[in-house]
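S.K.: Supplied structure: start-v1.cif, mmCIF, C-alpha atoms and all ligand atoms.
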data_data
#
loop_
_atom_site.group_PDB
_atom_site.id
_atom_site.type_symbol
_atom_site.label_atom_id
_atom_site.label_comp_id
_atom_site.auth_asym_id
_atom_site.auth_seq_id
_atom_site.Cartn_x
_atom_site.Cartn_y
_atom_site.Cartn_z
ATOM 1 C CA MET B 1 -1.811 -16.241 8.468
ATOM 2 C CA ILE B 2 -0.565 -12.796 7.596
ATOM 3 C CA ALA B 3 0.229 -11.309 4.220
ATOM 4 C CA TYR B 4 3.301 -9.182 3.728
ATOM 5 C CA ASP B 5 4.114 -6.941 0.848
ATOM 6 C CA LEU B 6 7.670 -7.817 0.036
ATOM 7 C CA GLU B 7 10.345 -6.234 -2.064
ATOM 8 C CA CYS B 8 13.535 -7.820 -3.331
ATOM 9 C CA GLU B 9 16.914 -6.135 -3.831
ATOM 10 C CA ASN B 10 15.987 -5.440 -7.448
ATOM 11 C CA GLY B 11 12.808 -3.626 -6.548
ATOM 12 C CA HIS B 12 10.324 -6.345 -7.500
ATOM 13 C CA THR B 13 7.322 -6.317 -5.233
ATOM 14 C CA PHE B 14 5.238 -9.346 -4.393
ATOM 15 C CA GLU B 15 3.081 -10.741 -1.644
ATOM 16 C CA GLY B 16 4.052 -13.468 0.762
ATOM 17 C CA TRP B 17 1.952 -15.370 3.280
ATOM 18 C CA PHE B 18 3.347 -16.439 6.635
ATOM 19 C CA ASP B 19 2.075 -17.877 9.893
ATOM 20 C CA ASN B 20 3.408 -14.855 11.770
ATOM 21 C CA GLU B 21 6.187 -12.303 11.746
ATOM 22 C CA LYS B 22 8.590 -14.657 13.498
ATOM 23 C CA GLU B 23 8.029 -17.257 10.831
ATOM 24 C CA PHE B 24 8.638 -14.664 8.134
ATOM 25 C CA LYS B 25 11.977 -13.673 9.695
ATOM 26 C CA LYS B 26 12.988 -17.285 10.133
ATOM 27 C CA GLN B 27 12.231 -18.116 6.527
ATOM 28 C CA CYS B 28 14.096 -15.009 5.393
ATOM 29 C CA GLN B 29 17.178 -15.959 7.378
ATOM 30 C CA LYS B 30 17.128 -19.430 5.905
ATOM 31 C CA GLY B 31 16.820 -17.963 2.433
ATOM 32 C CA LEU B 32 13.449 -19.614 1.916
ATOM 33 C CA VAL B 33 11.755 -16.410 0.836
ATOM 34 C CA SER B 34 12.688 -15.595 -2.711
ATOM 35 C CA CYS B 35 11.501 -13.173 -5.354
ATOM 36 C CA PRO B 36 9.250 -14.873 -7.926
ATOM 37 C CA VAL B 37 10.736 -12.680 -10.664
ATOM 38 C CA CYS B 38 14.497 -12.901 -10.147
ATOM 39 C CA ASN B 39 14.791 -15.496 -7.353
ATOM 40 C CA SER B 40 16.724 -13.117 -5.140
ATOM 41 C CA THR B 41 16.568 -14.056 -1.474
ATOM 42 C CA LEU B 42 17.467 -10.539 -0.312
ATOM 43 C CA VAL B 43 13.892 -9.693 0.500
ATOM 44 C CA THR B 44 12.542 -6.944 2.739
ATOM 45 C CA ARG B 45 9.077 -5.884 3.744
ATOM 46 C CA ALA B 46 7.722 -3.044 1.687
ATOM 47 C CA LEU B 47 5.386 -0.373 2.922
ATOM 48 C CA SER B 48 2.029 -0.272 1.242
ATOM 49 C CA THR B 49 0.366 2.823 -0.048
ATOM 50 C CA PHE B 50 -3.230 3.495 0.832
ATOM 51 C CA GLY B 51 -5.857 6.006 0.052
ATOM 52 C CA ILE B 52 -9.314 6.554 1.417
ATOM 53 C CA ALA B 53 -12.034 7.360 -1.021
ATOM 54 C CA ARG B 54 -15.048 9.399 -0.083
ATOM 55 C CA HIS B 55 -18.014 10.195 -2.226
ATOM 56 C CA ARG B 56 -17.058 13.101 -4.307
ATOM 57 C CA HIS B 57 -18.004 13.907 -7.829
ATOM 58 C CA GLN B 58 -15.547 15.533 -10.090
ATOM 59 C CA ASP B 59 -16.985 17.969 -12.545
ATOM 60 C CA GLY B 60 -16.445 17.174 -16.128
ATOM 61 C CA GLY B 61 -15.180 13.984 -17.610
ATOM 62 C CA GLN B 62 -11.577 13.495 -18.242
ATOM 63 C CA ALA B 63 -10.919 12.582 -21.792
ATOM 64 C CA ARG B 64 -8.614 9.860 -22.876
ATOM 65 C CA VAL B 65 -7.583 8.081 -19.743
ATOM 66 C CA ARG B 66 -4.674 6.054 -20.941
ATOM 67 C CA ASP B 67 -3.939 4.073 -17.847
ATOM 68 C CA PRO B 68 -6.749 4.283 -15.315
ATOM 69 C CA LEU B 69 -4.605 3.187 -12.397
ATOM 70 C CA VAL B 70 -1.839 5.648 -13.089
ATOM 71 C CA GLN B 71 -4.380 8.385 -13.703
ATOM 72 C CA PHE B 72 -6.157 7.555 -10.508
ATOM 73 C CA SER B 73 -2.948 7.408 -8.543
ATOM 74 C CA LYS B 74 -2.153 10.880 -9.851
ATOM 75 C CA PHE B 75 -5.588 12.098 -8.831
ATOM 76 C CA VAL B 76 -5.041 10.774 -5.329
ATOM 77 C CA GLN B 77 -1.647 12.427 -5.101
ATOM 78 C CA GLU B 78 -3.089 15.763 -6.122
ATOM 79 C CA ASN B 79 -6.313 15.675 -4.149
ATOM 80 C CA PHE B 80 -5.618 13.680 -1.029
ATOM 81 C CA GLU B 81 -3.785 15.052 1.951
ATOM 82 C CA ASP B 82 -0.534 13.197 2.466
ATOM 83 C CA VAL B 83 -0.351 12.078 6.074
ATOM 84 C CA GLY B 84 2.572 9.741 5.459
ATOM 85 C CA VAL B 85 3.150 7.072 8.077
ATOM 86 C CA ASP B 86 0.318 8.492 10.218
ATOM 87 C CA PHE B 87 -2.163 7.107 7.734
ATOM 88 C CA ALA B 88 -3.661 4.441 9.999
ATOM 89 C CA LYS B 89 -3.915 6.861 12.930
ATOM 90 C CA GLU B 90 -5.568 9.577 10.846
ATOM 91 C CA ALA B 91 -7.897 7.104 9.158
ATOM 92 C CA LEU B 92 -9.107 5.898 12.551
ATOM 93 C CA LYS B 93 -9.589 9.464 13.816
ATOM 94 C CA ILE B 94 -11.667 10.307 10.765
ATOM 95 C CA HIS B 95 -13.582 7.075 11.129
ATOM 96 C CA TYR B 96 -14.552 7.951 14.702
ATOM 97 C CA GLY B 97 -15.201 11.606 13.954
ATOM 98 C CA ALA B 98 -12.281 12.755 16.095
ATOM 99 C CA THR B 99 -10.993 14.882 13.308
ATOM 100 C CA GLU B 100 -12.223 16.651 10.201
ATOM 101 C CA SER B 101 -13.458 14.284 7.540
ATOM 102 C CA ARG B 102 -11.313 14.483 4.465
ATOM 103 C CA ASN B 103 -9.484 12.514 1.830
ATOM 104 C CA ILE B 104 -6.140 11.264 2.997
ATOM 105 C CA ARG B 105 -3.398 9.113 1.640
ATOM 106 C CA GLY B 106 -0.289 7.671 3.161
ATOM 107 C CA VAL B 107 1.684 4.572 3.828
ATOM 108 C CA SER B 108 0.850 1.807 6.200
ATOM 109 C CA THR B 109 2.116 -1.560 7.229
ATOM 110 C CA VAL B 110 0.184 -4.772 6.695
ATOM 111 C CA GLN B 111 -0.424 -4.896 10.434
ATOM 112 C CA GLU B 112 -2.036 -1.444 10.404
ATOM 113 C CA GLU B 113 -4.110 -2.530 7.445
ATOM 114 C CA GLU B 114 -5.455 -5.395 9.557
ATOM 115 C CA THR B 115 -6.316 -2.990 12.374
ATOM 116 C CA LEU B 116 -8.207 -0.718 10.003
ATOM 117 C CA ARG B 117 -10.101 -3.668 8.576
ATOM 118 C CA SER B 118 -11.079 -4.928 12.007
ATOM 119 C CA GLU B 119 -12.243 -1.418 12.959
ATOM 120 C CA GLY B 120 -14.421 -1.307 9.863
ATOM 121 C CA VAL B 121 -12.558 1.566 8.246
ATOM 122 C CA SER B 122 -13.032 1.663 4.509
ATOM 123 C CA PHE B 123 -9.890 2.230 2.538
ATOM 124 C CA PHE B 124 -8.326 0.971 -0.572
ATOM 125 C CA LYS B 125 -4.857 0.141 -1.593
ATOM 126 C CA LEU B 126 -2.973 1.449 -4.553
ATOM 127 C CA PRO B 127 0.033 -0.130 -6.154
ATOM 128 C CA VAL B 128 3.230 1.778 -5.468
ATOM 129 C CA PHE B 129 4.626 3.270 -8.634
ATOM 130 C CA SER B 130 8.382 3.411 -8.467
ATOM 131 C CA LYS B 131 9.888 6.716 -9.458
ATOM 132 C CA ASP B 132 12.913 5.376 -11.246
ATOM 133 C CA LYS B 133 12.524 3.760 -14.595
ATOM 134 C CA SER B 134 13.966 0.341 -14.122
ATOM 135 C CA GLY B 135 14.298 -1.687 -17.262
ATOM 136 C CA GLU B 136 12.360 -4.862 -17.695
ATOM 137 C CA ASP B 137 14.353 -7.944 -17.004
ATOM 138 C CA ASP B 138 14.236 -10.693 -19.508
HETATM 139 ZN ZN ZN E 1 13.277 -9.682 -7.788
#
Mind converting the file's structure to structure tokens?

M.R.:
Amino acid sequence: MIAYDLECENGHTFEGWFDNEKEFKKQCQKGLVSCPVCNSTLVTRALSTFGIARHRHQDGGQARVRDPLVQFSKFVQENFEDVGVDFAKEALKIHYGATESRNIRGVSTVQEEETLRSEGVSFFKLPVFSKDKSGEDD
């Protein structure tokens, strides 16, 4: 079984489990994959955002963290090098000491995520915050 991060035409993201990629495509074509929020069957795979955390202490406490996840995501954006779609490659290089050890962030596919896991690379996943303010559907 593989898990895919999926996104519907209205920008809702959710996770779907399939036997394999072929099965995913087949189910998509048959309209069997639908968004749990709006029931749209126009569903595509979404890229996931990852960051690698290393031990690093920040000086001083930050007062009044309103939304820890958003705050943290901001921290990652400001302090992690953006390697974009090379995330998995860079993460593996760092893991094997082939390149300078540092904090990186980037996007990766579910398949790359599996590779990193099987290689024993520690990473964590952050939710993707959409830039546009889409209204909440009722
Ligand atoms: Zn939707």

S.K.: What's around segment 14-28 of chain B at 7 Å? Count all atoms listed in the file, leave out sequence neighbours fewer than 2 positions away in its own chain, and write the answer as an mmCIF file with C-alpha atoms, in the coordinates of the input.

M.R.:
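And here's part.cif as it stands now:
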data_model
loop_
_atom_site.group_PDB
_atom_site.id
_atom_site.type_symbol
_atom_site.label_atom_id
_atom_site.label_comp_id
_atom_site.auth_asym_id
_atom_site.auth_seq_id
_atom_site.Cartn_x
_atom_site.Cartn_y
_atom_site.Cartn_z
ATOM 1 C CA MET B 1 -1.811 -16.241 8.468
ATOM 2 C CA ILE B 2 -0.565 -12.796 7.596
ATOM 3 C CA ALA B 3 0.229 -11.309 4.220
ATOM 4 C CA TYR B 4 3.301 -9.182 3.728
ATOM 5 C CA ASP B 5 4.114 -6.941 0.848
ATOM 6 C CA LEU B 6 7.670 -7.817 0.036
ATOM 7 C CA GLU B 7 10.345 -6.234 -2.064
ATOM 8 C CA HIS B 12 10.324 -6.345 -7.500
ATOM 9 C CA LYS B 30 17.128 -19.430 5.905
ATOM 10 C CA GLY B 31 16.820 -17.963 2.433
ATOM 11 C CA LEU B 32 13.449 -19.614 1.916
ATOM 12 C CA VAL B 33 11.755 -16.410 0.836
#

S.K.: For the structure shown, which residues end up in the PyMOL selection byres (((chain B and resi 81) around 12) and not hetatm)? Put them as a CSV table (one decimal) with C-alpha atoms, in the coordinates of the input, please?

M.R.:
chain,number,residue,atom,x,y,z
B,50,PHE,CA,-3.2,3.5,0.8
B,51,GLY,CA,-5.9,6.0,0.1
B,52,ILE,CA,-9.3,6.6,1.4
B,53,ALA,CA,-12.0,7.4,-1.0
B,75,PHE,CA,-5.6,12.1,-8.8
B,76,VAL,CA,-5.0,10.8,-5.3
B,77,GLN,CA,-1.6,12.4,-5.1
B,78,GLU,CA,-3.1,15.8,-6.1
B,79,ASN,CA,-6.3,15.7,-4.1
B,80,PHE,CA,-5.6,13.7,-1.0
B,82,ASP,CA,-0.5,13.2,2.5
B,83,VAL,CA,-0.4,12.1,6.1
B,84,GLY,CA,2.6,9.7,5.5
B,86,ASP,CA,0.3,8.5,10.2
B,87,PHE,CA,-2.2,7.1,7.7
B,90,GLU,CA,-5.6,9.6,10.8
B,91,ALA,CA,-7.9,7.1,9.2
B,100,GLU,CA,-12.2,16.7,10.2
B,101,SER,CA,-13.5,14.3,7.5
B,102,ARG,CA,-11.3,14.5,4.5
B,103,ASN,CA,-9.5,12.5,1.8
B,104,ILE,CA,-6.1,11.3,3.0
B,105,ARG,CA,-3.4,9.1,1.6
B,106,GLY,CA,-0.3,7.7,3.2
B,107,VAL,CA,1.7,4.6,3.8

S.K.: Have a look at B:Gln29, B:Leu42, B:Lys89, B:Thr115 and name the one nearest to Gly11 of chain B; count all atoms listed in the file.

M.R.: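 Among the listed residues, B:Leu42 lies closest to Gly11 of chain B.
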
S.K.: Using all atoms listed in the file, which residues of the polymer chains come no farther than 10 Å from ligand ZN 1 (chain E)? I'd like the answer as a PyMOL selection string.

M.R.: chain B and resi 6-14+34-43+137

S.K.: Just the number, please: distance in Å from atom CA of Phe123 of chain B to atom CA of Leu92 of chain B, one decimal.

M.R.: 10.7 Å
